[in-house]
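Asks: Right, I'll just put the structure down here and ask away after.
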Amino acid sequence: MRWALVKVCLAVTAMVVVAFAVPLGLVVQEMASDRAFSNAERQAATIGPTLSITTDPVQLRKAVESTQMGAARRMAVHVPAIGDSAPVNIGEGRAGERAVAETRRMGRATTAKVSGGGSALLQPTALGSGDIAVVEIFVPESEVSNGVATAWLVLAGVGLALIVGSVAVADRLGARLVRPAERLADAAHQLGEGRLGARVPEAGPKELRSAALAFNAMADQVVELLANERELAADLSHRLRTPLTVLRLNTASLGDGPAAEQTRAAVEQLEREVDTIIRTAREQRPATGLVGAGAGAGAGCDASEVIRDRMDFWSALAEDEGREVRLAGVDRTVRIPVARPELAAALDAMLGNVFRHTPEGTPFAVDVHDAGDAVIVLVSDAGPGISDPDAALRRGNDGGRDGSTGLGLDIVRRVAESTGGDVRLGRSILGGTEVRVWIGLDGRSAGGPGARRTGRGRRGNRRNRGRATP
């Protein structure tokens, strides 16, 4: 594109230069010729007064030699025969007799080519006797073309300068157009090769800036879609851990024997495969900074109903393990801007942590509080607690915690943050861990007034120890 623009500009400028320079050069050449012959006519007129007075050869010769052209041997006078006298030719004549006779017959000035180069101006002059004498002035070729070569060189230089200047300007304009286009193409190649961080500076002409803006928006959308897909793969895989936990615990009641051992081995293998899927999805997840999938506009559910439903599921397992369960605050409708599947997944993640990371027989509780501008869901247990709450809230597992993918509390966190809330870990009144989920109702962040009023209780500030979390 850049060279095409340069070639077009070169062709156009060259045509313009030729269209103007060639006619101008021809005009200069014609002016030089006119100047030379006009000067010759003036020189021929200087001998006219003498011819009107006398045709004596001696007198004419003196008069011719006294002129500039005569002294330079460039003037000749051709006097016809008058009466009985013979024709008189003064000076060195270069034009032929036929040209002289033709000029005398026509009665006007003519020019004739001279052998050896140059031209001769033949100027008729009337004599006192009524006859016509012809004055010949030799005009050399150098005088006819005087200054023409210089003019052509000047015109050629000006034309060349115009062409070079136009090419330079076209090259700069082409570079201004091409560089943003090259950056756009390079970014497209990088994105096609899987480098999702490729972006294009929004520079250059308006059209290319618009293209860069559209490309960047498209790349952001691609990254967001891929991130959502990978998050979905990881989260859906993580949700499989809840029924797997039930299967693993139920295998303990199968007793001994080959079938029981095969069942337990199959469950363990299935858990490892699920963990592998989750870790693979996490490793491929680009750092997009996206908040998890929230409820979206107009979506929501009754938190009390969802909690009752999930507790019906977990209570059977709790009864088998001898766990005491306390449920509070779910006797009334509590609407929250979270989709039912998302809240159910978050509750399963928190309750699954209790069963996975606390000994059998450990009691736990689920409480729901309506704070006006937010809903607080508390999951408490009497287990050993969490040694590093901040690390537990960070997504992902570095491989140091067996049986943990690091996604459980992150699912809870993303559900809360999608409403402007957050998740905090602290010491529960039961002595173990308390997971406090702040779900915003009015779009305000957890750091707002409502959070300072109810989200920083005595229990929320105390940390516990000794527990890992998926």
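Ordering of the structure tokens sets the chain letters (A, B, ...); residue numbers start at 1 within each chain; ligands are numbered from 1 in the order shown.
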I'd like the neighbourhood of range 333-349 of chain A as a list in words, where a residue qualifies if any of its atoms comes within 6 Å (using only C-alpha atoms), though same-chain residues fewer than 5 positions away should be ignored.
Replies: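 Residues near the query, excluding close chain neighbours: Ala295, Ala299, Gly300, Cys301, Asp302, Ala303, Ser304, Gly408, Ile411 and Val412 of chain A.
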Asks: Would you save the residues from that selection as a PDB file, in the first residue's frame, using all heavy atoms?
Replies:
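After the write, result.pdb holds the following:
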ATOM      1  N   ALA A 295     -25.953 -12.779  38.731  1.00  0.00           N
ATOM      2  CA  ALA A 295     -27.339 -13.076  38.422  1.00  0.00           C
ATOM      3  C   ALA A 295     -27.794 -12.422  37.155  1.00  0.00           C
ATOM      4  O   ALA A 295     -28.590 -12.946  36.428  1.00  0.00           O
ATOM      5  CB  ALA A 295     -28.209 -12.631  39.586  1.00  0.00           C
ATOM      6  N   ALA A 299     -32.577 -11.071  37.371  1.00  0.00           N
ATOM      7  CA  ALA A 299     -32.531 -12.437  37.871  1.00  0.00           C
ATOM      8  C   ALA A 299     -32.462 -12.410  39.382  1.00  0.00           C
ATOM      9  O   ALA A 299     -32.052 -11.448  39.988  1.00  0.00           O
ATOM     10  CB  ALA A 299     -31.323 -13.173  37.288  1.00  0.00           C
ATOM     11  N   GLY A 300     -32.843 -13.507  40.021  1.00  0.00           N
ATOM     12  CA  GLY A 300     -32.782 -13.573  41.470  1.00  0.00           C
ATOM     13  C   GLY A 300     -33.486 -14.816  41.973  1.00  0.00           C
ATOM     14  O   GLY A 300     -34.020 -15.616  41.191  1.00  0.00           O
ATOM     15  N   CYS A 301     -33.468 -14.987  43.285  1.00  0.00           N
ATOM     16  CA  CYS A 301     -34.110 -16.152  43.885  1.00  0.00           C
ATOM     17  C   CYS A 301     -34.406 -15.857  45.350  1.00  0.00           C
ATOM     18  O   CYS A 301     -33.982 -14.834  45.892  1.00  0.00           O
ATOM     19  CB  CYS A 301     -33.212 -17.383  43.753  1.00  0.00           C
ATOM     20  SG  CYS A 301     -31.688 -17.280  44.721  1.00  0.00           S
ATOM     21  N   ASP A 302     -35.110 -16.763  45.958  1.00  0.00           N
ATOM     22  CA  ASP A 302     -35.381 -16.689  47.391  1.00  0.00           C
ATOM     23  C   ASP A 302     -34.279 -17.457  48.104  1.00  0.00           C
ATOM     24  O   ASP A 302     -34.183 -18.683  47.997  1.00  0.00           O
ATOM     25  CB  ASP A 302     -36.757 -17.296  47.684  1.00  0.00           C
ATOM     26  CG  ASP A 302     -37.117 -17.244  49.166  1.00  0.00           C
ATOM     27  OD1 ASP A 302     -36.310 -16.716  49.957  1.00  0.00           O
ATOM     28  OD2 ASP A 302     -38.193 -17.763  49.530  1.00  0.00           O
ATOM     29  N   ALA A 303     -33.433 -16.732  48.826  1.00  0.00           N
ATOM     30  CA  ALA A 303     -32.294 -17.359  49.490  1.00  0.00           C
ATOM     31  C   ALA A 303     -32.761 -18.385  50.523  1.00  0.00           C
ATOM     32  O   ALA A 303     -32.148 -19.457  50.669  1.00  0.00           O
ATOM     33  CB  ALA A 303     -31.422 -16.289  50.149  1.00  0.00           C
ATOM     34  N   SER A 304     -33.826 -18.091  51.228  1.00  0.00           N
ATOM     35  CA  SER A 304     -34.314 -19.030  52.247  1.00  0.00           C
ATOM     36  C   SER A 304     -34.736 -20.351  51.625  1.00  0.00           C
ATOM     37  O   SER A 304     -34.417 -21.442  52.132  1.00  0.00           O
ATOM     38  CB  SER A 304     -35.484 -18.401  53.013  1.00  0.00           C
ATOM     39  OG  SER A 304     -35.075 -17.227  53.682  1.00  0.00           O
ATOM     40  N   GLY A 408     -13.484 -23.658  45.623  1.00  0.00           N
ATOM     41  CA  GLY A 408     -14.703 -23.639  46.421  1.00  0.00           C
ATOM     42  C   GLY A 408     -15.072 -22.263  46.903  1.00  0.00           C
ATOM     43  O   GLY A 408     -16.135 -21.726  46.584  1.00  0.00           O
ATOM     44  N   ILE A 411     -15.783 -19.633  44.151  1.00  0.00           N
ATOM     45  CA  ILE A 411     -17.148 -19.631  43.621  1.00  0.00           C
ATOM     46  C   ILE A 411     -18.047 -18.765  44.501  1.00  0.00           C
ATOM     47  O   ILE A 411     -18.846 -17.951  44.020  1.00  0.00           O
ATOM     48  CB  ILE A 411     -17.693 -21.063  43.544  1.00  0.00           C
ATOM     49  CG1 ILE A 411     -16.901 -21.875  42.508  1.00  0.00           C
ATOM     50  CG2 ILE A 411     -19.175 -21.066  43.205  1.00  0.00           C
ATOM     51  CD1 ILE A 411     -17.294 -23.329  42.457  1.00  0.00           C
ATOM     52  N   VAL A 412     -17.889 -18.916  45.816  1.00  0.00           N
ATOM     53  CA  VAL A 412     -18.678 -18.117  46.759  1.00  0.00           C
ATOM     54  C   VAL A 412     -18.329 -16.638  46.602  1.00  0.00           C
ATOM     55  O   VAL A 412     -19.212 -15.767  46.584  1.00  0.00           O
ATOM     56  CB  VAL A 412     -18.417 -18.591  48.199  1.00  0.00           C
ATOM     57  CG1 VAL A 412     -19.248 -17.774  49.177  1.00  0.00           C
ATOM     58  CG2 VAL A 412     -18.728 -20.074  48.344  1.00  0.00           C
TER      59      VAL A 412
END
Asks: Identify, on the basis of only C-alpha atoms, every residue whose closest approach to Arg42 in chain A does not exceed 10 Å; exclude the query and any residue fewer than 5 positions from it along the same chain; express the result as a PDB file with all heavy atoms, in the first residue's frame.
Replies:
ATOM      1  N   PHE A  37      16.971  37.152 -33.764  1.00  0.00           N
ATOM      2  CA  PHE A  37      16.612  37.720 -35.078  1.00  0.00           C
ATOM      3  C   PHE A  37      16.147  39.162 -34.960  1.00  0.00           C
ATOM      4  O   PHE A  37      16.329  39.962 -35.897  1.00  0.00           O
ATOM      5  CB  PHE A  37      15.531  36.849 -35.722  1.00  0.00           C
ATOM      6  CG  PHE A  37      16.091  35.585 -36.316  1.00  0.00           C
ATOM      7  CD1 PHE A  37      15.967  34.372 -35.654  1.00  0.00           C
ATOM      8  CD2 PHE A  37      16.752  35.615 -37.541  1.00  0.00           C
ATOM      9  CE1 PHE A  37      16.474  33.206 -36.196  1.00  0.00           C
ATOM     10  CE2 PHE A  37      17.267  34.444 -38.094  1.00  0.00           C
ATOM     11  CZ  PHE A  37      17.140  33.225 -37.413  1.00  0.00           C
ATOM     12  N   ILE A  47      22.251  50.174 -41.722  1.00  0.00           N
ATOM     13  CA  ILE A  47      22.832  50.498 -43.022  1.00  0.00           C
ATOM     14  C   ILE A  47      21.813  51.105 -43.976  1.00  0.00           C
ATOM     15  O   ILE A  47      22.138  51.571 -45.080  1.00  0.00           O
ATOM     16  CB  ILE A  47      23.454  49.217 -43.641  1.00  0.00           C
ATOM     17  CG1 ILE A  47      24.461  49.586 -44.750  1.00  0.00           C
ATOM     18  CG2 ILE A  47      22.376  48.295 -44.171  1.00  0.00           C
ATOM     19  CD1 ILE A  47      25.670  50.286 -44.207  1.00  0.00           C
ATOM     20  N   ILE A 137      22.281  39.618 -42.700  1.00  0.00           N
ATOM     21  CA  ILE A 137      22.920  39.538 -41.374  1.00  0.00           C
ATOM     22  C   ILE A 137      23.025  38.063 -40.984  1.00  0.00           C
ATOM     23  O   ILE A 137      22.011  37.347 -40.966  1.00  0.00           O
ATOM     24  CB  ILE A 137      22.128  40.294 -40.297  1.00  0.00           C
ATOM     25  CG1 ILE A 137      21.947  41.765 -40.689  1.00  0.00           C
ATOM     26  CG2 ILE A 137      22.803  40.174 -38.937  1.00  0.00           C
ATOM     27  CD1 ILE A 137      23.246  42.550 -40.742  1.00  0.00           C
TER      28      ILE A 137
END
Asks: Write out as a PyMOL selection string all residues of range 7-215 of chain A that DSSP puts in helix (DSSP H, G or I) for this structure's backbone.
Replies: chain A and resi 7-45+48-53+57-66+68-71+97-106+141-144+148-192+206-215
Asks: Name the residues in contact with Arg323 in chain A at a cut-off of 7 Å, using only C-alpha atoms, excluding same-chain residues fewer than 2 positions from it; report them as a list in words.
Replies: Ala318, Glu319, Glu321, Val325, Glu360, Gly361, Thr362 and Pro363 of chain A
Asks: Distance CA of Arg73 in chain A-CA of Glu143 in chain A, one decimal place?
Replies: 15.2 Å
Asks: Using DSSP on the backbone coordinates, identify all residues within range 136-329 of chain A classified as strand (DSSP E); present the result as a VMD selection string.
Replies: chain A and resid 136 to 139 301 to 302 325 to 328
Asks: Write out the residues from the selection above, keeping C-alpha atoms, as a PDB file, in the first residue's frame.
Replies:
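out13.pdb was written with the following content:
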ATOM      1  CA  GLU A 136      22.137  40.104 -45.090  1.00  0.00           C
ATOM      2  CA  ILE A 137      22.920  39.538 -41.374  1.00  0.00           C
ATOM      3  CA  PHE A 138      24.461  36.240 -40.326  1.00  0.00           C
ATOM      4  CA  VAL A 139      22.995  34.814 -37.071  1.00  0.00           C
ATOM      5  CA  CYS A 301     -34.110 -16.152  43.885  1.00  0.00           C
ATOM      6  CA  ASP A 302     -35.381 -16.689  47.391  1.00  0.00           C
ATOM      7  CA  VAL A 325     -27.094 -29.029  62.335  1.00  0.00           C
ATOM      8  CA  ARG A 326     -28.619 -25.655  63.239  1.00  0.00           C
ATOM      9  CA  LEU A 327     -30.591 -23.639  60.675  1.00  0.00           C
ATOM     10  CA  ALA A 328     -31.771 -20.087  61.384  1.00  0.00           C
TER      11      ALA A 328
END
Asks: Restricting the calculation to only C-alpha atoms: of A:Ala120, A:Ala81, A:Leu226, A:Ala170, which residue gets closest to Ala99 in chain A?
Replies: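 For Ala99 in chain A, the nearest of the given residues is A:Ala120.
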